[in-house]
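Before any comments, here is the structure.
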Amino acid sequence: MLSRSYFNLLNLDDYSSDRTRIPRVISVPGIISDFEDGENGAGDGSEMSDLVSSVNQERMIIVYNQLPLKCFKDPVEGKKWCFDWDADALVLQLKDGFPPNVEVVFVGCLGVEIDSSEQEEVAQFLFDKFKCVPTFLSVDLINKFYHGFCKHYLWPLFHYMLPLTPNHGVRFDKAMWQGYVTANKIFADKVMEVINPDEDYVWVHDYHLMLLPTFLRKRHHRVKLGFFLHIPFPSSEIFRTLPVREEILRALLNCDLVGFHTFDYARHFLSCCSRMLGLDYQSKRGYIGLDYYGRTVSIKILPVGIHMGQIKSIMSLNETAKKVKELRIKYGGKTVLLGVDDMDMFKGISLKFMAFGLLLDENPMYRGSVVLIQIMNPPRSQGKDIQELQSEINKVADEINKKYCKPGYQPIVCLNGPISFQEKVAYFAISECVVVNAVRDGMNLVPYKYTVSRQGGPELDKVLGLEDSEAPRKSVIIVSEFIGCSPSLSGAIRVNPWNINSVAEAMVLGITMTDSEKELRHEKHYKYVVSHDVAYWARSFNQDLERACSEHYAKRCWGIGFGLNSRVVALGPNFRKLSVEHIVSAYNNSNSRLVLLDYDGTMMPQDRVDKSPTSEVISVLNTLSNDPKNVVFIVSGRGTDSLGKWFSQCERLGLSAEHGYFTRWTKNSAWESCGLAVDLDWKRIALPVMEHYTEATDGSSVEQKESALVWHHQEADPDFGSWQAKELLDHLESVLANDPVVVSSGQQIVEVKPQGVSKGVVVKNLMETMANKRKAADFVLCIGDDRSDEDMFEAIASSVTNRSLPDSAEVFACTVGQKPSMAKYYLDDTFEVIKLLQGLSANHLPKYQETGSHSKDRLEIARQREFLKWESTGNEI
């Protein structure tokens, strides 16, 4: 099958567009290549060239486990396969949310086994007639992928059921996991056959295909990729039990947009990203985003809706009206409670029956007049658990029916599916109350469909005896707290399905509620359902996906990692990795150098318990600071005692403590304050507040500096520590509003320091002193990792703009980690920082270097002379 990624080769006249000229790939550390490295050339050549459509037409590729098709054998010939649209399929209904000019292509399984000899012909027919691309999986692979890993492992786990014993759920099986990986790879191959990665959007659906984004992103770094999860995303305590948790989490992060039905599901996902990968999220102008290797992964929270056109068309059919009339006669004079659920262990059907039995036990007046009709859709998988569930449901229903059944009255009526949607609409129309009692469910659209059915229409109104079409409609919904649609149904009676007494009371309330209240609740629900249908959901997701992908070609991208841990680094065109090769020439050709280094997170990893510098750090700092052309400073937020003790072996290293409040030029120099007239009375207010939060937050601590106070929460629970830090920040800003201080947050800290004290001020002072006392710096290297270091980068950029530095000065501002920064360069971690500094000192070849036995002596004499010049200026340089 010919990939659309080759199509641009046929349009060489368009190759000069701005998009193709953007440099995208770093081929050598520090060097930018202006050409692609073939990332968009992937594609499996094949015979179906018809799949290539006009590149000018926007296209959405919808990937779901199963295609929205009905498959059946020709009733006449018997052997020939026939296909038709499945109008109930959600992925087909969402097409209504796309503009008319968007071509929709579906990729997925067929749900039936097609003989290998027929697969090519079927695939061609399905694409020509339905724009569907089938993925043909073997029976063995389906058993491992779908029935094994998806339905018997992932489904229970994501619904909070852990396989604690061999008899209580299916435990992780490596063979099933490999089947899941293989199936996702096959789906990816099929997408590759039809995609034009420069133009097409891909929308992947549900937990069956959570690895698919990794395979797609690995092949096309700028693929426009969205994912929506239709089941709950469990809390981090549950998700962390997955042996393959990181592979799945990183796969979802390879998307541009990840969608969830509720904030709870999104919150759990964000918590997993924070706890397992150390990622923080930000909310900006209403959008939640995660920065992941320079890419922003957007989070979408919006429950899916129903297809209004489909349900209204069914309501208008004469057959539906006839069925409603038939049911009204059958259940005339009775109050009907309705349940519509899949045969699934999480739907709480037996709990619902128990609650109804309790209602009849405690309320004799309802015996004979209240009926619970339970429609049970066929199970989506097979196994021992389904058989046990069926037996339990039948047992509970039989006990209640046996107890209260009498001629003309059966308390619980079980209708085993499949039952057509048209018939369900008829049951919705005659039911006084719908009961959705699931113990855990991703969304559940039954209440929405029930609400619209109760709104009625011309045909149903006649049958129901509603002559006045403008008369208020009424309905009652009893809904579990643990399903996705619950937050959107503000007028529903919410229940805890495990509390049988509470559910029984809710049923009584639904029966006895006044008509006026039923009408108010119904009106509120109907307005929401109509305005938030499936088209609205798809349109909103599509708009957010376009927004999330809008800057794809403004960044350079390249892949890192292997296998399922592969991901893409995306950075701005002016943001590149710093390497020794990139700066060594500028370093060697300069005569007055300023090197500024943060400590924690830059020279020393944040996760180290012992924060004192290693011998390797001391060695490289001594090598650099002993060079007479260099002025080297550690600019840190730490106090004077710590820095002075740790760097006592560095004779000529400059230290700036407490973000520049104190400065020491060499080991033998005295600490000098910044000269600001600082009033520290605010400490009496801030310290008790910090101590209060320390007592309330296990793992936190307060660091008292001479000029500042710092609250640390590195050792606290990540989520609780972050929440407490935000609260503490607001609290301190409130109580210190009239004091001359700055309250700021950093990497797992909240700090209060005097106004006018920052690392940026330190940098300006150092550069001014060098220009006045010695020689203006013609080489500046500044490396830092957190927000306080951004002040240094800003000060350096300002100096370049204001021409405070010589025009010929080489400036290298570098942040640690790939993230938004004012710096133009980055290094991955502290190891690369040390490696860079070692490379600089090793590559430096002094102009006066000589060979022979006296060369070292001559070099040392030159250094001493240079140092005497510093001494004569008052140890300032």
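If you're wondering about the labels, chains in the structure tokens are A, B, ... by order shown, residues count from 1 in each chain, ligands from 1 in order shown.
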Please provide as a list in words all residues within 12 Å of Gln838 in chain A, with the sequence filter that same-chain residues fewer than 2 positions apart are discarded (counting only C-alpha atoms). Ser579, Val580, Val584, Glu616, Val617, Ile618, Ser619, Val620, Leu621, Asn622, Thr623, Leu624, Phe831, Glu832, Val833, Ile834, Lys835, Leu836, Leu840, Ser841, Ala842, Asn843 and His844 of chain A
Residue list (strand (DSSP E or B), DSSP) for range 683-753 of chain A, as a short mmCIF file (atom, residue, chain, number, x, y, z; two decimals) with all heavy atoms, in the first residue's frame:
data_model
loop_
_atom_site.label_atom_id
_atom_site.label_comp_id
_atom_site.auth_asym_id
_atom_site.auth_seq_id
_atom_site.Cartn_x
_atom_site.Cartn_y
_atom_site.Cartn_z
N SER A 701 10.72 20.75 55.20
CA SER A 701 11.63 21.37 56.16
C SER A 701 11.82 22.84 55.81
O SER A 701 11.53 23.27 54.69
CB SER A 701 12.99 20.67 56.17
OG SER A 701 13.60 20.76 54.89
N VAL A 702 12.31 23.60 56.79
CA VAL A 702 12.59 25.03 56.61
C VAL A 702 14.09 25.25 56.70
O VAL A 702 14.74 24.78 57.63
CB VAL A 702 11.87 25.88 57.66
CG1 VAL A 702 12.23 27.37 57.47
CG2 VAL A 702 10.37 25.70 57.58
N GLU A 703 14.63 25.97 55.73
CA GLU A 703 16.05 26.36 55.74
C GLU A 703 16.13 27.86 56.02
O GLU A 703 15.55 28.66 55.29
CB GLU A 703 16.71 26.03 54.40
CG GLU A 703 18.17 26.45 54.35
CD GLU A 703 18.78 26.28 52.96
OE1 GLU A 703 18.06 25.83 52.04
OE2 GLU A 703 19.97 26.61 52.79
N GLN A 704 16.85 28.19 57.08
CA GLN A 704 16.99 29.60 57.45
C GLN A 704 18.35 30.11 56.98
O GLN A 704 19.39 29.63 57.40
CB GLN A 704 16.87 29.78 58.97
CG GLN A 704 15.52 29.38 59.53
CD GLN A 704 15.34 29.83 60.97
OE1 GLN A 704 15.66 30.97 61.32
NE2 GLN A 704 14.84 28.93 61.81
N LEU A 709 14.43 32.84 53.71
CA LEU A 709 13.85 31.63 54.28
C LEU A 709 13.38 30.75 53.13
O LEU A 709 12.77 31.24 52.17
CB LEU A 709 12.67 31.96 55.19
CG LEU A 709 12.97 32.70 56.50
CD1 LEU A 709 11.67 33.06 57.20
CD2 LEU A 709 13.85 31.87 57.41
N VAL A 710 13.65 29.45 53.23
CA VAL A 710 13.29 28.52 52.16
C VAL A 710 12.53 27.33 52.76
O VAL A 710 12.99 26.73 53.74
CB VAL A 710 14.52 28.01 51.40
CG1 VAL A 710 14.09 27.14 50.22
CG2 VAL A 710 15.39 29.15 50.93
N TRP A 711 11.37 27.03 52.19
CA TRP A 711 10.59 25.85 52.57
C TRP A 711 10.80 24.77 51.52
O TRP A 711 10.51 24.97 50.34
CB TRP A 711 9.11 26.21 52.68
CG TRP A 711 8.25 25.13 53.24
CD1 TRP A 711 8.17 24.73 54.54
CD2 TRP A 711 7.34 24.28 52.52
NE1 TRP A 711 7.26 23.71 54.68
CE2 TRP A 711 6.73 23.41 53.47
CE3 TRP A 711 6.97 24.18 51.19
CZ2 TRP A 711 5.79 22.46 53.11
CZ3 TRP A 711 6.03 23.23 50.81
CH2 TRP A 711 5.45 22.39 51.77
N HIS A 712 11.35 23.62 51.93
CA HIS A 712 11.65 22.51 51.01
C HIS A 712 10.60 21.41 51.15
O HIS A 712 10.19 21.08 52.27
CB HIS A 712 13.03 21.90 51.34
CG HIS A 712 14.17 22.84 51.16
ND1 HIS A 712 14.88 22.95 49.98
CD2 HIS A 712 14.73 23.75 52.01
CE1 HIS A 712 15.84 23.87 50.12
NE2 HIS A 712 15.77 24.37 51.34
N VAL A 741 9.75 42.25 50.15
CA VAL A 741 10.27 40.91 49.88
C VAL A 741 9.66 40.35 48.60
O VAL A 741 8.65 40.87 48.10
CB VAL A 741 9.97 39.94 51.04
CG1 VAL A 741 10.69 40.37 52.31
CG2 VAL A 741 8.48 39.82 51.27
N VAL A 742 10.27 39.29 48.11
CA VAL A 742 9.76 38.56 46.95
C VAL A 742 9.50 37.12 47.40
O VAL A 742 10.39 36.47 47.94
CB VAL A 742 10.77 38.57 45.79
CG1 VAL A 742 10.27 37.69 44.65
CG2 VAL A 742 11.01 39.99 45.30
N VAL A 743 8.28 36.66 47.18
CA VAL A 743 7.92 35.26 47.47
C VAL A 743 7.87 34.52 46.15
O VAL A 743 7.13 34.90 45.24
CB VAL A 743 6.56 35.17 48.19
CG1 VAL A 743 6.28 33.72 48.58
CG2 VAL A 743 6.53 36.07 49.41
N SER A 744 8.65 33.47 46.03
CA SER A 744 8.73 32.75 44.75
C SER A 744 8.80 31.25 45.00
O SER A 744 9.17 30.79 46.08
CB SER A 744 9.94 33.20 43.94
OG SER A 744 11.13 32.95 44.66
N SER A 745 8.44 30.49 43.98
CA SER A 745 8.53 29.03 44.04
C SER A 745 9.57 28.57 43.05
O SER A 745 9.76 29.18 42.00
CB SER A 745 7.18 28.39 43.74
OG SER A 745 6.76 28.73 42.43
N GLY A 746 10.26 27.48 43.38
CA GLY A 746 11.26 26.90 42.50
C GLY A 746 11.08 25.41 42.44
O GLY A 746 9.97 24.90 42.62
N ILE A 749 10.62 24.01 46.16
CA ILE A 749 10.86 24.96 47.24
C ILE A 749 9.91 26.14 47.14
O ILE A 749 9.34 26.40 46.07
CB ILE A 749 12.32 25.50 47.23
CG1 ILE A 749 12.56 26.36 45.98
CG2 ILE A 749 13.33 24.40 47.38
CD1 ILE A 749 13.81 27.19 46.04
N VAL A 750 9.71 26.82 48.26
CA VAL A 750 9.08 28.13 48.30
C VAL A 750 10.04 29.02 49.07
O VAL A 750 10.45 28.69 50.18
CB VAL A 750 7.70 28.10 48.99
CG1 VAL A 750 7.15 29.52 49.12
CG2 VAL A 750 6.73 27.23 48.21
N GLU A 751 10.41 30.15 48.48
CA GLU A 751 11.46 30.99 49.07
C GLU A 751 10.96 32.42 49.24
O GLU A 751 10.21 32.95 48.41
CB GLU A 751 12.70 30.99 48.17
CG GLU A 751 13.87 31.77 48.76
CD GLU A 751 15.15 31.60 47.95
OE1 GLU A 751 15.05 31.25 46.76
OE2 GLU A 751 16.23 31.80 48.52
N VAL A 752 11.39 33.02 50.35
CA VAL A 752 11.14 34.44 50.60
C VAL A 752 12.50 35.11 50.72
O VAL A 752 13.34 34.71 51.53
CB VAL A 752 10.34 34.65 51.90
CG1 VAL A 752 10.01 36.13 52.06
CG2 VAL A 752 9.07 33.82 51.90
N LYS A 753 12.73 36.14 49.92
CA LYS A 753 14.01 36.85 49.94
C LYS A 753 13.74 38.34 49.73
O LYS A 753 12.68 38.74 49.24
CB LYS A 753 14.94 36.32 48.85
CG LYS A 753 14.41 36.49 47.44
CD LYS A 753 15.35 35.86 46.41
CE LYS A 753 14.78 36.01 45.00
NZ LYS A 753 15.64 35.38 43.98
#
Residue neighbourhood Lys151 in chain A, 10 Å, only C-alpha atoms, exclusion window fewer than 4 positions, as a PyMOL selection string: chain A and resi 143-147+155-157+170+207-208+380-382
Spatial neighbours of Leu578 in chain A, 8 Å, only C-alpha atoms, chain gap at least 2 places, as a PyMOL selection string:
chain A and resi 29-30+576+580+582-583+814+825-827
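For the pair CA of His221 in chain A and CA of Val304 in chain A, the interatomic distance is 28.9 Å.
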Pairwise distance, CA of Pro458 in chain A with CA of Lys474 in chain A, equals 16.2 Å
DSSP-assigned alpha helix (DSSP H) among range 654-734 of chain A, expressed as a short mmCIF file (atom, residue, chain, number, x, y, z; two decimals) with C-alpha atoms, in the first residue's frame:
data_model
loop_
_atom_site.label_atom_id
_atom_site.label_comp_id
_atom_site.auth_asym_id
_atom_site.auth_seq_id
_atom_site.Cartn_x
_atom_site.Cartn_y
_atom_site.Cartn_z
CA LYS A 683 11.21 36.87 59.10
CA ARG A 684 9.23 37.08 62.33
CA ILE A 685 6.05 36.81 60.25
CA ALA A 686 7.18 34.33 57.60
CA LEU A 687 8.97 31.79 59.81
CA PRO A 688 5.93 30.76 61.92
CA VAL A 689 3.88 30.34 58.74
CA MET A 690 6.53 28.08 57.19
CA GLU A 691 6.86 26.08 60.42
CA HIS A 692 3.09 25.56 60.44
CA TYR A 693 3.19 24.08 56.91
CA THR A 694 6.24 21.99 57.87
CA GLU A 695 4.34 20.44 60.74
CA ALA A 696 1.37 19.71 58.48
CA PRO A 718 4.76 14.79 45.35
CA ASP A 719 1.10 15.75 44.98
CA PHE A 720 0.56 16.84 48.57
CA GLY A 721 3.86 18.72 48.61
CA SER A 722 2.93 20.62 45.45
CA TRP A 723 -0.52 21.49 46.80
CA GLN A 724 0.94 22.68 50.09
CA ALA A 725 3.59 24.72 48.24
CA LYS A 726 0.91 26.53 46.24
CA GLU A 727 -1.10 27.20 49.38
CA LEU A 728 2.01 28.39 51.24
CA LEU A 729 2.93 30.68 48.34
CA ASP A 730 -0.52 32.32 48.46
CA HIS A 731 -0.42 32.52 52.26
CA LEU A 732 3.00 34.21 52.34
CA GLU A 733 2.13 36.63 49.54
CA SER A 734 -0.93 37.64 51.55
#
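The protein and nucleic acid residues lying at most 12 Å from Ala321 in chain A are A:Ser313, A:Ile314, A:Met315, A:Ser316, A:Leu317, A:Asn318, A:Val324, A:Lys325, A:Glu326, A:Leu327, A:Arg328, A:Gln422, A:Glu423, A:Val425, A:Ala426, A:Tyr427, A:Ala429, A:Ile430, A:Ser453, A:Gly456, A:Gly457, A:Pro458, A:Glu459, A:Leu460, A:Asp461, A:Lys462, A:Val463, A:Leu464, A:Gly465, with only C-alpha atoms considered and sequence neighbours fewer than 3 positions away removed.
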* To do: May I have the residues within 8 Å of Tyr293 in chain A as a PyMOL selection string, using only C-alpha atoms and disregarding those fewer than 2 positions away in the same chain?
  => chain A and resi 291+295+568-570+818-819
Give me the residues of range 191-286 of chain A that have any atom at most 10 Å from an atom of range 521-543 of chain A; for each, the nearest atom pair and the distance in Å, rounded to one decimal. Use only C-alpha atoms, sort by chain and number, and format it as CSV.
residue,atom,partner,partner_atom,distance
A:Tyr201,CA,A:Asn542,CA,9.0
A:Trp203,CA,A:Asn542,CA,8.8
A:Gly226,CA,A:Phe541,CA,8.5
A:Phe227,CA,A:Phe541,CA,9.6
A:Phe228,CA,A:Phe541,CA,9.1
A:Leu257,CA,A:Phe541,CA,8.6
A:Val258,CA,A:Phe541,CA,9.5
A:Gly259,CA,A:Phe541,CA,7.9
With N, CA and C atoms retained, write the just-selected residues as a PDB file, in the first residue's frame.
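And here's again.pdb as it stands now:
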ATOM      1  N   TYR A 201      -4.379  14.242  10.171  1.00  0.00           N
ATOM      2  CA  TYR A 201      -4.506  14.114  11.618  1.00  0.00           C
ATOM      3  C   TYR A 201      -4.878  12.669  11.940  1.00  0.00           C
ATOM      4  N   TRP A 203      -6.511  10.226  15.022  1.00  0.00           N
ATOM      5  CA  TRP A 203      -7.213  10.206  16.300  1.00  0.00           C
ATOM      6  C   TRP A 203      -7.371   8.747  16.718  1.00  0.00           C
ATOM      7  N   GLY A 226      -3.813  12.540  18.216  1.00  0.00           N
ATOM      8  CA  GLY A 226      -4.668  12.668  19.384  1.00  0.00           C
ATOM      9  C   GLY A 226      -5.104  11.300  19.875  1.00  0.00           C
ATOM     10  N   PHE A 227      -5.421  11.234  21.182  1.00  0.00           N
ATOM     11  CA  PHE A 227      -5.852   9.971  21.783  1.00  0.00           C
ATOM     12  C   PHE A 227      -6.984  10.264  22.754  1.00  0.00           C
ATOM     13  N   PHE A 228      -8.023   9.432  22.754  1.00  0.00           N
ATOM     14  CA  PHE A 228      -9.099   9.587  23.728  1.00  0.00           C
ATOM     15  C   PHE A 228      -9.324   8.260  24.425  1.00  0.00           C
ATOM     16  N   LEU A 257      -2.397  15.420  21.982  1.00  0.00           N
ATOM     17  CA  LEU A 257      -3.583  15.702  22.793  1.00  0.00           C
ATOM     18  C   LEU A 257      -4.107  14.388  23.354  1.00  0.00           C
ATOM     19  N   VAL A 258      -4.328  14.351  24.673  1.00  0.00           N
ATOM     20  CA  VAL A 258      -4.876  13.165  25.332  1.00  0.00           C
ATOM     21  C   VAL A 258      -6.192  13.569  25.985  1.00  0.00           C
ATOM     22  N   GLY A 259      -7.287  12.863  25.646  1.00  0.00           N
ATOM     23  CA  GLY A 259      -8.606  13.236  26.125  1.00  0.00           C
ATOM     24  C   GLY A 259      -9.165  12.261  27.151  1.00  0.00           C
TER      25      GLY A 259
END
